[in-house]
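Here is the file start.cif (mmCIF, C-alpha atoms, pLDDT in the B column; chains and numbers go by the auth columns).
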```cif
data_query
#
loop_
_atom_site.group_PDB
_atom_site.id
_atom_site.type_symbol
_atom_site.label_atom_id
_atom_site.label_comp_id
_atom_site.label_asym_id
_atom_site.label_seq_id
_atom_site.Cartn_x
_atom_site.Cartn_y
_atom_site.Cartn_z
_atom_site.B_iso_or_equiv
_atom_site.auth_seq_id
_atom_site.auth_asym_id
ATOM 1 C CA MET A 1 -19.733 148.635 195.508 56.00 3 A
ATOM 2 C CA GLU A 2 -18.460 151.243 193.039 68.00 4 A
ATOM 3 C CA ASN A 3 -17.306 153.524 195.836 70.00 5 A
ATOM 4 C CA LEU A 4 -14.826 150.952 197.195 67.00 6 A
ATOM 5 C CA PRO A 5 -11.139 151.498 196.395 66.00 7 A
ATOM 6 C CA ASP A 6 -9.403 149.270 193.893 65.00 8 A
ATOM 7 C CA ILE A 7 -7.696 146.199 195.380 66.00 9 A
ATOM 8 C CA PRO A 8 -3.916 146.647 195.429 66.00 10 A
ATOM 9 C CA ARG A 9 -2.100 144.176 193.222 71.00 11 A
ATOM 10 C CA VAL A 10 1.179 142.398 193.876 74.00 12 A
ATOM 11 C CA VAL A 11 3.711 143.521 191.296 73.00 13 A
ATOM 12 C CA GLN A 12 7.317 142.572 190.766 76.00 14 A
ATOM 13 C CA LEU A 13 9.646 145.550 190.755 76.00 15 A
ATOM 14 C CA PRO A 14 12.615 145.755 188.359 78.00 16 A
ATOM 15 C CA ASP A 15 14.994 144.734 191.162 83.00 17 A
ATOM 16 C CA GLY A 16 13.073 141.453 191.620 78.00 18 A
ATOM 17 C CA THR A 17 11.222 142.303 194.846 80.00 19 A
ATOM 18 C CA HIS A 18 7.463 142.227 195.167 76.00 20 A
ATOM 19 C CA ALA A 19 5.271 145.073 196.386 76.00 21 A
ATOM 20 C CA TYR A 20 1.608 145.903 196.809 73.00 22 A
ATOM 21 C CA LEU A 21 0.794 148.697 194.376 68.00 23 A
ATOM 22 C CA PRO A 22 -2.366 149.854 192.680 65.00 24 A
ATOM 23 C CA ALA A 23 -2.351 148.980 188.988 57.00 25 A
ATOM 24 C CA GLN A 24 -1.994 152.616 187.850 63.00 26 A
ATOM 25 C CA GLN A 25 1.159 153.128 189.982 62.00 27 A
ATOM 26 C CA ALA A 26 2.981 149.997 188.797 55.00 28 A
ATOM 27 C CA PRO A 27 6.271 150.782 187.074 58.00 29 A
ATOM 28 C CA THR A 28 6.454 149.773 183.460 64.00 30 A
ATOM 29 C CA VAL A 29 9.401 147.662 182.422 61.00 31 A
ATOM 30 C CA PRO A 30 10.180 147.303 178.747 60.00 32 A
ATOM 31 C CA ALA A 31 9.960 143.730 177.439 56.00 33 A
ATOM 32 C CA SER A 32 13.517 143.969 176.133 58.00 34 A
ATOM 33 C CA LEU A 33 14.849 144.244 179.707 60.00 35 A
ATOM 34 C CA THR A 34 12.892 141.346 181.139 63.00 36 A
ATOM 35 C CA GLY A 35 13.689 138.931 178.322 65.00 37 A
ATOM 36 C CA PRO A 36 11.508 136.068 177.114 68.00 38 A
ATOM 37 C CA GLN A 37 9.219 134.474 179.616 68.00 39 A
ATOM 38 C CA VAL A 38 10.084 130.843 180.451 71.00 40 A
ATOM 39 C CA VAL A 39 7.244 128.632 181.599 70.00 41 A
ATOM 40 C CA HIS A 40 8.058 125.346 183.323 70.00 42 A
ATOM 41 C CA GLN A 41 5.182 122.931 183.164 68.00 43 A
ATOM 42 C CA HIS A 42 5.361 119.676 185.071 67.00 44 A
ATOM 43 C CA ILE A 43 3.065 116.901 183.967 68.00 45 A
ATOM 44 C CA HIS A 44 2.590 114.093 186.432 66.00 46 A
ATOM 45 C CA GLN A 45 0.771 110.837 185.979 64.00 47 A
ATOM 46 C CA ALA A 46 -1.391 109.582 188.815 55.00 48 A
ATOM 47 C CA PRO A 47 0.033 106.536 190.591 56.00 49 A
ATOM 48 C CA PRO A 48 -1.624 103.278 189.510 56.00 50 A
ATOM 49 C CA ASP A 49 -2.693 102.343 193.051 59.00 51 A
ATOM 50 C CA ARG A 50 -5.257 105.164 193.202 60.00 52 A
ATOM 51 C CA THR A 51 -7.635 103.672 190.626 63.00 53 A
ATOM 52 C CA VAL A 52 -10.413 103.013 193.125 64.00 54 A
ATOM 53 C CA GLN A 53 -10.199 106.514 194.523 60.00 55 A
ATOM 54 C CA ARG A 54 -10.290 108.072 191.060 59.00 56 A
ATOM 55 C CA LEU A 55 -13.275 105.922 190.117 61.00 57 A
ATOM 56 C CA ALA A 56 -15.068 106.909 193.305 56.00 58 A
ATOM 57 C CA LEU A 57 -14.516 110.598 192.625 59.00 59 A
ATOM 58 C CA GLY A 58 -15.474 110.241 188.981 61.00 60 A
ATOM 59 C CA THR A 59 -18.791 108.549 189.705 59.00 61 A
ATOM 60 C CA GLY A 60 -19.807 111.152 192.243 59.00 62 A
ATOM 61 C CA ILE A 61 -19.771 108.848 195.255 64.00 63 A
ATOM 62 C CA GLY A 62 -17.915 111.469 197.242 66.00 64 A
ATOM 63 C CA ALA A 63 -14.964 112.172 199.404 69.00 65 A
ATOM 64 C CA GLY A 64 -16.159 109.830 202.163 73.00 66 A
ATOM 65 C CA THR A 65 -15.580 106.832 199.939 72.00 67 A
ATOM 66 C CA VAL A 66 -12.138 108.076 199.009 71.00 68 A
ATOM 67 C CA ALA A 67 -11.251 108.677 202.657 77.00 69 A
ATOM 68 C CA ALA A 68 -12.523 105.229 203.602 79.00 70 A
ATOM 69 C CA GLY A 69 -10.457 103.645 200.826 78.00 71 A
ATOM 70 C CA VAL A 70 -7.354 105.513 201.869 80.00 72 A
ATOM 71 C CA TYR A 71 -7.837 104.750 205.575 83.00 73 A
ATOM 72 C CA PHE A 72 -9.302 101.253 205.588 85.00 74 A
ATOM 73 C CA GLY A 73 -7.275 99.838 202.676 84.00 75 A
ATOM 74 C CA PRO A 74 -3.947 99.660 204.503 87.00 76 A
ATOM 75 C CA LEU A 75 -5.763 98.838 207.744 89.00 77 A
ATOM 76 C CA LEU A 76 -7.388 95.821 206.100 89.00 78 A
ATOM 77 C CA VAL A 77 -4.046 94.655 204.711 90.00 79 A
ATOM 78 C CA GLY A 78 -2.502 94.922 208.177 92.00 80 A
ATOM 79 C CA VAL A 79 -5.336 92.996 209.818 93.00 81 A
ATOM 80 C CA LEU A 80 -5.219 90.208 207.228 94.00 82 A
ATOM 81 C CA THR A 81 -1.443 89.955 207.597 94.00 83 A
ATOM 82 C CA ALA A 82 -1.743 89.677 211.368 95.00 84 A
ATOM 83 C CA MET A 83 -4.423 86.993 211.028 96.00 85 A
ATOM 84 C CA ALA A 84 -2.288 85.026 208.570 96.00 86 A
ATOM 85 C CA ALA A 85 0.706 85.219 210.915 95.00 87 A
ATOM 86 C CA ASN A 86 -1.410 83.978 213.836 96.00 88 A
ATOM 87 C CA LEU A 87 -2.798 81.089 211.793 97.00 89 A
ATOM 88 C CA ALA A 88 0.695 80.122 210.610 97.00 90 A
ATOM 89 C CA LEU A 89 1.928 80.114 214.201 97.00 91 A
ATOM 90 C CA LEU A 90 -1.018 77.978 215.329 97.00 92 A
ATOM 91 C CA ALA A 91 -0.453 75.515 212.460 97.00 93 A
ATOM 92 C CA LEU A 92 3.219 75.201 213.417 97.00 94 A
ATOM 93 C CA LEU A 93 2.271 74.663 217.054 97.00 95 A
ATOM 94 C CA ALA A 94 -0.270 71.965 216.088 96.00 96 A
ATOM 95 C CA ALA A 95 2.298 70.177 213.906 96.00 97 A
ATOM 96 C CA VAL A 96 4.888 70.210 216.702 96.00 98 A
ATOM 97 C CA CYS A 97 2.333 68.913 219.231 95.00 99 A
ATOM 98 C CA ALA A 98 1.223 66.120 216.874 93.00 100 A
ATOM 99 C CA TRP A 99 4.826 65.140 216.226 92.00 101 A
ATOM 100 C CA GLY A 100 5.471 65.091 219.990 90.00 102 A
ATOM 101 C CA VAL A 101 2.422 62.909 220.690 88.00 103 A
ATOM 102 C CA VAL A 102 3.366 60.452 217.950 83.00 104 A
ATOM 103 C CA THR A 103 6.946 60.268 219.220 84.00 105 A
ATOM 104 C CA VAL A 104 5.850 59.686 222.821 83.00 106 A
ATOM 105 C CA VAL A 105 3.292 57.027 221.849 78.00 107 A
ATOM 106 C CA ARG A 106 5.857 55.185 219.739 77.00 108 A
ATOM 107 C CA SER A 107 8.474 55.222 222.481 79.00 109 A
ATOM 108 C CA VAL A 108 6.098 54.294 225.304 80.00 110 A
ATOM 109 C CA GLY A 109 3.980 51.731 223.430 75.00 111 A
ATOM 110 C CA GLY A 110 5.045 48.137 223.961 77.00 112 A
ATOM 111 C CA ALA A 111 4.059 44.954 222.163 79.00 113 A
ATOM 112 C CA ASP A 112 0.377 45.873 222.302 78.00 114 A
ATOM 113 C CA GLY A 113 1.056 49.168 220.495 74.00 115 A
ATOM 114 C CA ARG A 114 3.037 47.396 217.776 76.00 116 A
ATOM 115 C CA ALA A 115 0.262 44.830 217.328 80.00 117 A
ATOM 116 C CA ALA A 116 -2.345 47.601 217.040 80.00 118 A
ATOM 117 C CA ALA A 117 -0.238 49.456 214.462 78.00 119 A
ATOM 118 C CA LYS A 118 0.182 46.206 212.472 82.00 120 A
ATOM 119 C CA ALA A 119 -3.586 45.604 212.553 86.00 121 A
ATOM 120 C CA VAL A 120 -4.241 49.162 211.292 83.00 122 A
ATOM 121 C CA ARG A 121 -1.714 48.692 208.470 84.00 123 A
ATOM 122 C CA LYS A 122 -3.365 45.441 207.394 88.00 124 A
ATOM 123 C CA ALA A 123 -6.816 47.062 207.476 87.00 125 A
ATOM 124 C CA ARG A 124 -5.611 49.882 205.233 85.00 126 A
ATOM 125 C CA ARG A 125 -4.083 47.455 202.725 85.00 127 A
ATOM 126 C CA ARG A 126 -7.320 45.490 202.407 80.00 128 A
ATOM 127 C CA ARG A 127 -9.306 48.491 201.208 68.00 129 A
#
```
Transcribe the structure of this file into structure tokens.
Amino acid sequence: MENLPDIPRVVQLPDGTHAYLPAQQAPTVPASLTGPQVVHQHIHQAPPDRTVQRLALGTGIGAGTVAAGVYFGPLLVGVLTAMAANLALLALLAAVCAWGVVTVVRSVGGADGRAAAKAVRKARRRR
């Protein structure tokens, strides 16, 4: 491995361009010309909705758990929302059908229907 040539490095030339040069051929630029070096460091906080994923990675469970949480989490929310919407629609349909049956029975029922309703009311009061 000692007989291999040195890997060329990427250096920034004084005009601002970059070039591949071996380290011994790199031009030297005095520090007074380049000025002080400014380092921008951005610190970001993890979003609070990734707690489960961070816990899974921290405990060594693995990337499969994280991928499942990322994939199946929103999928589960979508499925539950769809189920809730279907149940709400069925409940509304049942209420409308019950209201329709009650309305039809009241309008069609004659004296016998009124007598039966009166008997039911009296039976409820006696309890």
Computed interatomic separation between CA of Leu91 (chain A) and CA of Gly71 (chain A) (Å):
29.8 Å
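Atom to atom, CA of Leu94 (chain A) and CA of Arg108 (chain A) stand 21.2 Å apart.
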Mind working out the centre and edge lengths of an axis-aligned box for region 18-21 of chain A, all listed atoms inside, 6 Å added to each side, rounded to one decimal in Å and written as AutoDock Vina command-line options?
```
--center_x 9.2 --center_y 143.3 --center_z 194.0 --size_x 19.8 --size_y 15.6 --size_z 16.8
```
